[in-house]
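S.K.: Supplied structure: run07.pdb, PDB, C-alpha atoms, pLDDT in the B column.
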```
MODEL        1
ATOM      1  CA  MET A1449       0.000   0.000   0.000  1.00 56.00           C
ATOM      2  CA  PRO A1450       1.614   3.246  -1.107  1.00 73.00           C
ATOM      3  CA  LEU A1451       0.027   5.373   1.615  1.00 75.00           C
ATOM      4  CA  GLN A1452       1.434   3.254   4.420  1.00 78.00           C
ATOM      5  CA  SER A1453       4.991   3.501   3.110  1.00 82.00           C
ATOM      6  CA  GLU A1454       4.724   7.245   2.735  1.00 86.00           C
ATOM      7  CA  TYR A1455       2.609   7.875   5.849  1.00 85.00           C
ATOM      8  CA  PRO A1456       3.167   5.207   8.521  1.00 85.00           C
ATOM      9  CA  THR A1457       0.215   6.409  10.585  1.00 88.00           C
ATOM     10  CA  ALA A1458      -2.211   5.698   7.715  1.00 83.00           C
ATOM     11  CA  ARG A1459      -2.361   2.026   8.751  1.00 83.00           C
ATOM     12  CA  LEU A1460      -4.072   3.154  11.960  1.00 83.00           C
ATOM     13  CA  ILE A1461      -7.104   4.362   9.980  1.00 81.00           C
ATOM     14  CA  GLU A1462     -10.026   1.958  10.329  1.00 79.00           C
ATOM     15  CA  ALA A1463     -13.747   1.999   9.788  1.00 74.00           C
ATOM     16  CA  ALA A1464     -15.883   3.534  12.488  1.00 75.00           C
ATOM     17  CA  SER A1465     -17.670   1.227  14.861  1.00 76.00           C
ATOM     18  CA  THR A1466     -21.245   0.535  13.757  1.00 74.00           C
ATOM     19  CA  ASP A1467     -22.294  -0.725  17.171  1.00 79.00           C
ATOM     20  CA  LYS A1468     -25.243   1.008  18.687  1.00 78.00           C
ATOM     21  CA  ASP A1469     -23.458   1.428  22.006  1.00 80.00           C
ATOM     22  CA  ALA A1470     -20.309   3.002  20.436  1.00 79.00           C
ATOM     23  CA  ALA A1471     -18.733   5.998  22.184  1.00 79.00           C
ATOM     24  CA  VAL A1472     -19.170   8.155  19.084  1.00 82.00           C
ATOM     25  CA  PRO A1473     -22.397   7.426  17.198  1.00 84.00           C
ATOM     26  CA  ILE A1474     -21.944   6.910  13.496  1.00 85.00           C
ATOM     27  CA  HIS A1475     -23.983   8.720  10.879  1.00 85.00           C
ATOM     28  CA  PRO A1476     -26.857   6.536   9.535  1.00 82.00           C
ATOM     29  CA  GLY A1477     -25.657   6.977   5.935  1.00 82.00           C
ATOM     30  CA  ALA A1478     -22.130   5.864   6.872  1.00 82.00           C
ATOM     31  CA  ALA A1479     -23.566   2.873   8.764  1.00 81.00           C
ATOM     32  CA  ALA A1480     -25.554   1.843   5.685  1.00 80.00           C
ATOM     33  CA  TYR A1481     -22.394   2.147   3.567  1.00 82.00           C
ATOM     34  CA  TYR A1482     -20.324   0.010   5.935  1.00 79.00           C
ATOM     35  CA  ASP A1483     -23.107  -2.593   6.279  1.00 79.00           C
ATOM     36  CA  GLY A1484     -23.550  -2.784   2.521  1.00 79.00           C
ATOM     37  CA  SER A1485     -27.243  -1.940   2.807  1.00 78.00           C
ATOM     38  CA  GLU A1486     -26.982   1.394   1.018  1.00 76.00           C
ATOM     39  CA  LYS A1487     -29.495   1.623  -1.825  1.00 81.00           C
ATOM     40  CA  SER A1488     -28.454   2.769  -5.274  1.00 84.00           C
ATOM     41  CA  PHE A1489     -30.382   5.400  -7.231  1.00 89.00           C
ATOM     42  CA  PHE A1490     -32.345   2.805  -9.204  1.00 90.00           C
ATOM     43  CA  GLU A1491     -33.083   0.699  -6.124  1.00 86.00           C
ATOM     44  CA  ARG A1492     -34.453   3.772  -4.409  1.00 88.00           C
ATOM     45  CA  TYR A1493     -36.379   5.353  -7.317  1.00 93.00           C
ATOM     46  CA  GLY A1494     -36.809   2.418  -9.723  1.00 93.00           C
ATOM     47  CA  ASP A1495     -40.507   1.926  -9.025  1.00 93.00           C
ATOM     48  CA  ALA A1496     -41.242   5.608  -9.546  1.00 93.00           C
ATOM     49  CA  LEU A1497     -39.262   5.590 -12.796  1.00 93.00           C
ATOM     50  CA  PHE A1498     -41.164   2.514 -13.979  1.00 95.00           C
ATOM     51  CA  TYR A1499     -44.710   3.322 -12.881  1.00 96.00           C
ATOM     52  CA  GLY A1500     -44.514   7.120 -13.127  1.00 95.00           C
ATOM     53  CA  PRO A1501     -44.611   7.379 -16.930  1.00 96.00           C
ATOM     54  CA  MET A1502     -47.407   4.814 -17.103  1.00 96.00           C
ATOM     55  CA  LEU A1503     -49.456   6.743 -14.572  1.00 96.00           C
ATOM     56  CA  LEU A1504     -48.793  10.062 -16.330  1.00 96.00           C
ATOM     57  CA  SER A1505     -49.826   8.491 -19.645  1.00 97.00           C
ATOM     58  CA  LEU A1506     -53.053   7.230 -18.110  1.00 97.00           C
ATOM     59  CA  VAL A1507     -53.819  10.607 -16.539  1.00 97.00           C
ATOM     60  CA  GLY A1508     -53.020  12.396 -19.803  1.00 96.00           C
ATOM     61  CA  THR A1509     -55.253  10.082 -21.819  1.00 97.00           C
ATOM     62  CA  ALA A1510     -58.107  10.533 -19.360  1.00 96.00           C
ATOM     63  CA  ALA A1511     -57.666  14.320 -19.423  1.00 96.00           C
ATOM     64  CA  LEU A1512     -57.676  14.400 -23.224  1.00 93.00           C
ATOM     65  CA  GLY A1513     -60.752  12.189 -23.344  1.00 91.00           C
ATOM     66  CA  ALA A1514     -62.559  14.456 -20.888  1.00 92.00           C
ATOM     67  CA  TYR A1515     -61.516  17.530 -22.861  1.00 88.00           C
ATOM     68  CA  ARG A1516     -62.764  16.024 -26.120  1.00 81.00           C
ATOM     69  CA  TYR A1517     -66.019  14.974 -24.453  1.00 81.00           C
ATOM     70  CA  LEU A1518     -66.647  18.405 -22.936  1.00 83.00           C
ATOM     71  CA  THR A1519     -65.728  20.380 -26.064  1.00 76.00           C
ATOM     72  CA  ARG A1520     -67.438  18.214 -28.660  1.00 70.00           C
ATOM     73  CA  ASP A1521     -69.881  19.874 -31.001  1.00 64.00           C
ATOM     74  CA  ALA A1522     -72.882  17.648 -31.406  1.00 60.00           C
ATOM     75  CA  SER A1523     -74.903  20.272 -33.278  1.00 55.00           C
ATOM     76  CA  PHE A1524     -74.004  18.730 -36.630  1.00 59.00           C
ATOM     77  CA  ALA A1525     -73.971  14.968 -36.679  1.00 73.00           C
ATOM     78  CA  LEU A1526     -72.837  14.016 -40.177  1.00 75.00           C
ATOM     79  CA  ALA A1527     -74.281  10.508 -40.030  1.00 80.00           C
ATOM     80  CA  ASP A1528     -77.741  11.854 -39.206  1.00 83.00           C
ATOM     81  CA  ARG A1529     -77.496  14.394 -42.012  1.00 82.00           C
ATOM     82  CA  LEU A1530     -76.420  11.727 -44.508  1.00 84.00           C
ATOM     83  CA  MET A1531     -79.429   9.607 -43.604  1.00 88.00           C
ATOM     84  CA  ARG A1532     -81.718  12.624 -44.071  1.00 88.00           C
ATOM     85  CA  LEU A1533     -80.095  13.350 -47.441  1.00 87.00           C
ATOM     86  CA  ARG A1534     -80.852   9.792 -48.465  1.00 89.00           C
ATOM     87  CA  THR A1535     -84.516  10.282 -47.634  1.00 91.00           C
ATOM     88  CA  ILE A1536     -84.532  13.599 -49.535  1.00 89.00           C
ATOM     89  CA  VAL A1537     -83.411  11.719 -52.646  1.00 88.00           C
ATOM     90  CA  SER A1538     -86.233   9.205 -52.280  1.00 88.00           C
ATOM     91  CA  GLU A1539     -88.745  11.998 -51.573  1.00 88.00           C
ATOM     92  CA  ALA A1540     -87.530  13.873 -54.662  1.00 86.00           C
ATOM     93  CA  ALA A1541     -88.184  10.777 -56.779  1.00 84.00           C
ATOM     94  CA  ARG A1542     -91.762  10.655 -55.452  1.00 86.00           C
ATOM     95  CA  ALA A1543     -92.367  14.419 -55.666  1.00 82.00           C
ATOM     96  CA  GLN A1544     -95.552  15.265 -57.517  1.00 83.00           C
ATOM     97  CA  SER A1545     -95.169  19.033 -57.818  1.00 84.00           C
ATOM     98  CA  PRO A1546     -92.440  21.664 -58.135  1.00 85.00           C
ATOM     99  CA  ASP A1547     -93.447  23.011 -54.721  1.00 87.00           C
ATOM    100  CA  GLU A1548     -92.491  19.731 -53.051  1.00 88.00           C
ATOM    101  CA  VAL A1549     -89.107  19.816 -54.793  1.00 86.00           C
ATOM    102  CA  ALA A1550     -88.644  23.477 -53.760  1.00 88.00           C
ATOM    103  CA  THR A1551     -89.283  22.496 -50.129  1.00 91.00           C
ATOM    104  CA  LEU A1552     -86.654  19.765 -50.397  1.00 89.00           C
ATOM    105  CA  GLU A1553     -84.230  22.239 -51.997  1.00 90.00           C
ATOM    106  CA  LYS A1554     -84.736  24.657 -49.083  1.00 92.00           C
ATOM    107  CA  GLU A1555     -84.012  21.845 -46.617  1.00 91.00           C
ATOM    108  CA  LEU A1556     -80.917  20.884 -48.598  1.00 88.00           C
ATOM    109  CA  SER A1557     -79.765  24.506 -48.617  1.00 90.00           C
ATOM    110  CA  ALA A1558     -80.212  24.780 -44.834  1.00 90.00           C
ATOM    111  CA  MET A1559     -78.242  21.559 -44.289  1.00 87.00           C
ATOM    112  CA  PHE A1560     -75.515  22.797 -46.626  1.00 86.00           C
ATOM    113  CA  ASP A1561     -75.286  26.056 -44.628  1.00 88.00           C
ATOM    114  CA  GLU A1562     -74.857  23.998 -41.460  1.00 84.00           C
ATOM    115  CA  LEU A1563     -72.069  22.024 -43.139  1.00 81.00           C
ATOM    116  CA  VAL A1564     -70.278  25.198 -44.238  1.00 82.00           C
ATOM    117  CA  GLU A1565     -70.569  26.640 -40.725  1.00 83.00           C
ATOM    118  CA  LYS A1566     -69.118  23.464 -39.241  1.00 80.00           C
ATOM    119  CA  LEU A1567     -66.278  23.552 -41.792  1.00 80.00           C
ATOM    120  CA  ALA A1568     -65.526  27.160 -40.861  1.00 81.00           C
ATOM    121  CA  ARG A1569     -65.158  26.144 -37.215  1.00 77.00           C
ATOM    122  CA  GLY A1570     -62.845  23.269 -38.147  1.00 74.00           C
ATOM    123  CA  GLY A1571     -65.157  20.667 -36.684  1.00 71.00           C
ATOM    124  CA  LEU A1572     -64.950  18.044 -39.437  1.00 74.00           C
ATOM    125  CA  ALA A1573     -62.225  15.677 -40.543  1.00 76.00           C
ATOM    126  CA  VAL A1574     -61.057  15.611 -44.167  1.00 79.00           C
ATOM    127  CA  SER A1575     -62.878  12.342 -44.851  1.00 80.00           C
ATOM    128  CA  GLU A1576     -66.117  13.782 -43.440  1.00 79.00           C
ATOM    129  CA  ILE A1577     -65.751  16.886 -45.585  1.00 80.00           C
ATOM    130  CA  SER A1578     -65.252  14.961 -48.809  1.00 85.00           C
ATOM    131  CA  THR A1579     -68.082  12.541 -48.005  1.00 85.00           C
ATOM    132  CA  GLY A1580     -70.469  15.336 -47.114  1.00 82.00           C
ATOM    133  CA  LEU A1581     -69.694  17.365 -50.235  1.00 85.00           C
ATOM    134  CA  LEU A1582     -70.026  14.330 -52.482  1.00 88.00           C
ATOM    135  CA  VAL A1583     -73.442  13.450 -51.061  1.00 87.00           C
ATOM    136  CA  PHE A1584     -74.624  17.069 -51.184  1.00 86.00           C
ATOM    137  CA  LYS A1585     -73.612  17.270 -54.848  1.00 89.00           C
ATOM    138  CA  HIS A1586     -75.494  14.063 -55.635  1.00 89.00           C
ATOM    139  CA  VAL A1587     -78.649  15.228 -53.847  1.00 88.00           C
ATOM    140  CA  SER A1588     -78.442  18.607 -55.544  1.00 87.00           C
ATOM    141  CA  ASP A1589     -78.186  16.885 -58.945  1.00 89.00           C
ATOM    142  CA  VAL A1590     -81.191  14.685 -58.128  1.00 87.00           C
ATOM    143  CA  LEU A1591     -83.264  17.709 -57.114  1.00 85.00           C
ATOM    144  CA  THR A1592     -82.226  19.583 -60.254  1.00 85.00           C
ATOM    145  CA  SER A1593     -83.301  16.649 -62.414  1.00 84.00           C
ATOM    146  CA  ALA A1594     -86.592  16.410 -60.468  1.00 80.00           C
ATOM    147  CA  VAL A1595     -87.316  20.069 -61.243  1.00 76.00           C
ATOM    148  CA  ALA A1596     -86.556  19.495 -64.930  1.00 74.00           C
ATOM    149  CA  CYS A1597     -89.063  16.628 -65.159  1.00 67.00           C
TER     150      CYS A1597
ENDMDL
END
```
If you took the structure in this file and wrote it as structure tokens, what would it be?
M.R.:
Amino acid sequence: MPLQSEYPTARLIEAASTDKDAAVPIHPGAAAYYDGSEKSFFERYGDALFYGPMLLSLVGTAALGAYRYLTRDASFALADRLMRLRTIVSEAARAQSPDEVATLEKELSAMFDELVEKLARGGLAVSEISTGLLVFKHVSDVLTSAVAC
């Protein structure tokens, strides 16, 4: 040992007594080090590092779900409107007078205004937009042909 050859009194250094009845009480952290029971960082915080992100993910998902639920706009349900457009087409085929077709055109115009308002607020996905516009175009063409007949 290089210290002992250079400093002969270094061999007198020894670990502190970990006995409970020692003359000088040892610090609890030093006692854990000497006993070998000192916990490493991952032993101490491993559970928090493992379960913490899972819990935060769960809380975040629940918060986003609640936010989406509370801020949803149910004033324009596309599926309900598509079903009504389908019935407008069948009613246009059975229409007996131009007044009946004009009533259906007014309803179609009101539904189209609702769609445009919803688009302006950014409340529809791209697939919903394209589907809605395609169906509106078809119904409009059917009503136009019903007026011509």
S.K.: Evaluated on this file, the PyMOL selection byres ((chain A and resi 1568-1574) around 10) picks out some residues - which ones are they, written as a PyMOL selection string?
M.R.: chain A and resi 1520-1522+1524-1526+1562-1567+1575-1580
S.K.: How many Å lie between atom CA of A:Ala1496 and atom CA of A:Gly1477, rounded to one decimal?
M.R.: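 Atom CA of A:Gly1477 lies at a distance of 22.0 Å from atom CA of A:Ala1496.
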S.K.: List, as a list of chain:residue names, every residue that the PyMOL selection byres ((chain A and resi 1530) around 12) selects in the file provided.
M.R.: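 For this structure, the PyMOL selection byres ((chain A and resi 1530) around 12) captures A:Phe1524, A:Ala1525, A:Leu1526, A:Ala1527, A:Asp1528, A:Arg1529, A:Met1531, A:Arg1532, A:Leu1533, A:Arg1534, A:Thr1535, A:Ile1536, A:Val1537, A:Leu1556, A:Met1559, A:Phe1560, A:Leu1563, A:Glu1576, A:Ile1577, A:Thr1579, A:Gly1580, A:Leu1581, A:Leu1582, A:Val1583, A:Phe1584, A:His1586, A:Val1587.
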S.K.: Record the distance separating atom CA of A:Asp1469 and atom CA of A:Ser1485, expressed in Å with one decimal.
M.R.: 19.9 Å
S.K.: For the PyMOL selection byres ((chain A and resi 1552-1554) around 9), applied here, can you spell out every residue it catches as a list in words?
M.R.: Ile1536, Val1537, Glu1539, Ala1540, Asp1547, Glu1548, Val1549, Ala1550, Thr1551, Glu1555, Leu1556, Ser1557, Ala1558, Met1559, Ser1588, Leu1591 and Thr1592 of chain A
S.K.: Might I get the box with edges along x, y and z of the file that holds all atoms of stretch 1464-1481 of chain A listed there, padded by 3 Å on every side, given as centre and edge lengths in Å to one decimal, as lines of an AutoDock Vina configuration file?
M.R.:
```
center_x = -21.4
center_y = 4.0
center_z = 12.9
size_x = 17.0
size_y = 15.4
size_z = 24.6
```
S.K.: How many Å lie between atom CA of A:Ala1543 and atom CA of A:Ala1594, rounded to one decimal?
M.R.: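 Atom-to-atom, atom CA of A:Ala1543 and atom CA of A:Ala1594 are spaced 7.8 Å apart.
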S.K.: So which one's closest to A:Ser1538, A:Thr1519, A:Glu1486, A:Leu1503, A:Val1590? Using all atoms listed in the file, please.
M.R.: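 Answer, going by the shortest atom-to-atom distance: A:Val1590.
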S.K.: Which residue out of A:Gly1494, A:Ala1464, A:Leu1504, A:Tyr1517 has the minimum interatomic distance to A:Ala1480 when only C-alpha atoms are used?
M.R.: A:Ala1464
S.K.: Could I get stretch 1475-1486 of chain A rebuilt with all heavy atoms, written as a CSV table (one decimal), in the coordinates of the input?
M.R.:
```
chain,number,residue,atom,x,y,z
A,1475,HIS,N,-22.9,8.2,11.7
A,1475,HIS,CA,-24.0,8.7,10.9
A,1475,HIS,C,-24.7,7.6,10.2
A,1475,HIS,O,-24.1,6.6,9.8
A,1475,HIS,CB,-23.4,9.6,9.8
A,1475,HIS,CG,-24.4,10.4,9.0
A,1475,HIS,ND1,-25.0,9.8,7.9
A,1475,HIS,CD2,-25.0,11.6,9.1
A,1475,HIS,CE1,-25.8,10.7,7.4
A,1475,HIS,NE2,-25.8,11.8,8.1
A,1476,PRO,N,-26.1,7.6,10.1
A,1476,PRO,CA,-26.9,6.5,9.5
A,1476,PRO,C,-26.5,6.2,8.1
A,1476,PRO,O,-26.5,5.1,7.7
A,1476,PRO,CB,-28.3,7.0,9.6
A,1476,PRO,CG,-28.3,8.1,10.6
A,1476,PRO,CD,-27.0,8.7,10.7
A,1477,GLY,N,-26.1,7.2,7.3
A,1477,GLY,CA,-25.7,7.0,5.9
A,1477,GLY,C,-24.3,6.2,5.9
A,1477,GLY,O,-24.1,5.3,5.1
A,1478,ALA,N,-23.4,6.6,6.8
A,1478,ALA,CA,-22.1,5.9,6.9
A,1478,ALA,C,-22.3,4.4,7.3
A,1478,ALA,O,-21.7,3.5,6.8
A,1478,ALA,CB,-21.2,6.6,7.8
A,1479,ALA,N,-23.3,4.2,8.3
A,1479,ALA,CA,-23.6,2.9,8.8
A,1479,ALA,C,-24.1,2.0,7.6
A,1479,ALA,O,-23.8,0.8,7.5
A,1479,ALA,CB,-24.5,2.9,9.9
A,1480,ALA,N,-25.0,2.6,6.8
A,1480,ALA,CA,-25.6,1.8,5.7
A,1480,ALA,C,-24.5,1.5,4.7
A,1480,ALA,O,-24.4,0.4,4.1
A,1480,ALA,CB,-26.7,2.7,5.0
A,1481,TYR,N,-23.5,2.4,4.5
A,1481,TYR,CA,-22.4,2.1,3.6
A,1481,TYR,C,-21.5,1.0,4.1
A,1481,TYR,O,-21.2,0.1,3.3
A,1481,TYR,CB,-21.6,3.4,3.4
A,1481,TYR,CG,-20.4,3.2,2.5
A,1481,TYR,CD1,-20.5,3.2,1.1
A,1481,TYR,CD2,-19.1,3.1,3.1
A,1481,TYR,CE1,-19.4,3.0,0.4
A,1481,TYR,CE2,-18.0,2.9,2.3
A,1481,TYR,CZ,-18.1,2.8,0.9
A,1481,TYR,OH,-17.0,2.7,0.2
A,1482,TYR,N,-21.2,1.0,5.4
A,1482,TYR,CA,-20.3,0.0,5.9
A,1482,TYR,C,-21.0,-1.3,6.0
A,1482,TYR,O,-20.4,-2.4,5.8
A,1482,TYR,CB,-19.9,0.4,7.3
A,1482,TYR,CG,-18.9,1.6,7.4
A,1482,TYR,CD1,-19.1,2.6,8.2
A,1482,TYR,CD2,-17.8,1.6,6.5
A,1482,TYR,CE1,-18.2,3.7,8.3
A,1482,TYR,CE2,-16.9,2.6,6.5
A,1482,TYR,CZ,-17.1,3.7,7.4
A,1482,TYR,OH,-16.2,4.7,7.4
A,1483,ASP,N,-22.4,-1.3,6.2
A,1483,ASP,CA,-23.1,-2.6,6.3
A,1483,ASP,C,-23.4,-3.2,4.9
A,1483,ASP,O,-23.8,-4.3,4.8
A,1483,ASP,CB,-24.4,-2.4,7.0
A,1483,ASP,CG,-24.3,-2.1,8.5
A,1483,ASP,OD1,-23.2,-2.4,9.0
A,1483,ASP,OD2,-25.2,-1.6,9.1
A,1484,GLY,N,-23.2,-2.3,3.9
A,1484,GLY,CA,-23.6,-2.8,2.5
A,1484,GLY,C,-25.0,-2.7,2.2
A,1484,GLY,O,-25.5,-3.3,1.2
A,1485,SER,N,-25.8,-2.0,3.0
A,1485,SER,CA,-27.2,-1.9,2.8
A,1485,SER,C,-27.6,-0.6,2.2
A,1485,SER,O,-28.8,-0.3,2.1
A,1485,SER,CB,-28.0,-2.1,4.1
A,1485,SER,OG,-27.6,-1.1,5.0
A,1486,GLU,N,-26.7,0.1,1.7
A,1486,GLU,CA,-27.0,1.4,1.0
A,1486,GLU,C,-27.7,1.1,-0.3
A,1486,GLU,O,-27.2,0.3,-1.1
A,1486,GLU,CB,-25.7,2.2,0.8
A,1486,GLU,CG,-25.9,3.5,0.2
A,1486,GLU,CD,-24.6,4.2,0.0
A,1486,GLU,OE1,-23.6,3.6,-0.4
A,1486,GLU,OE2,-24.6,5.5,0.1
```
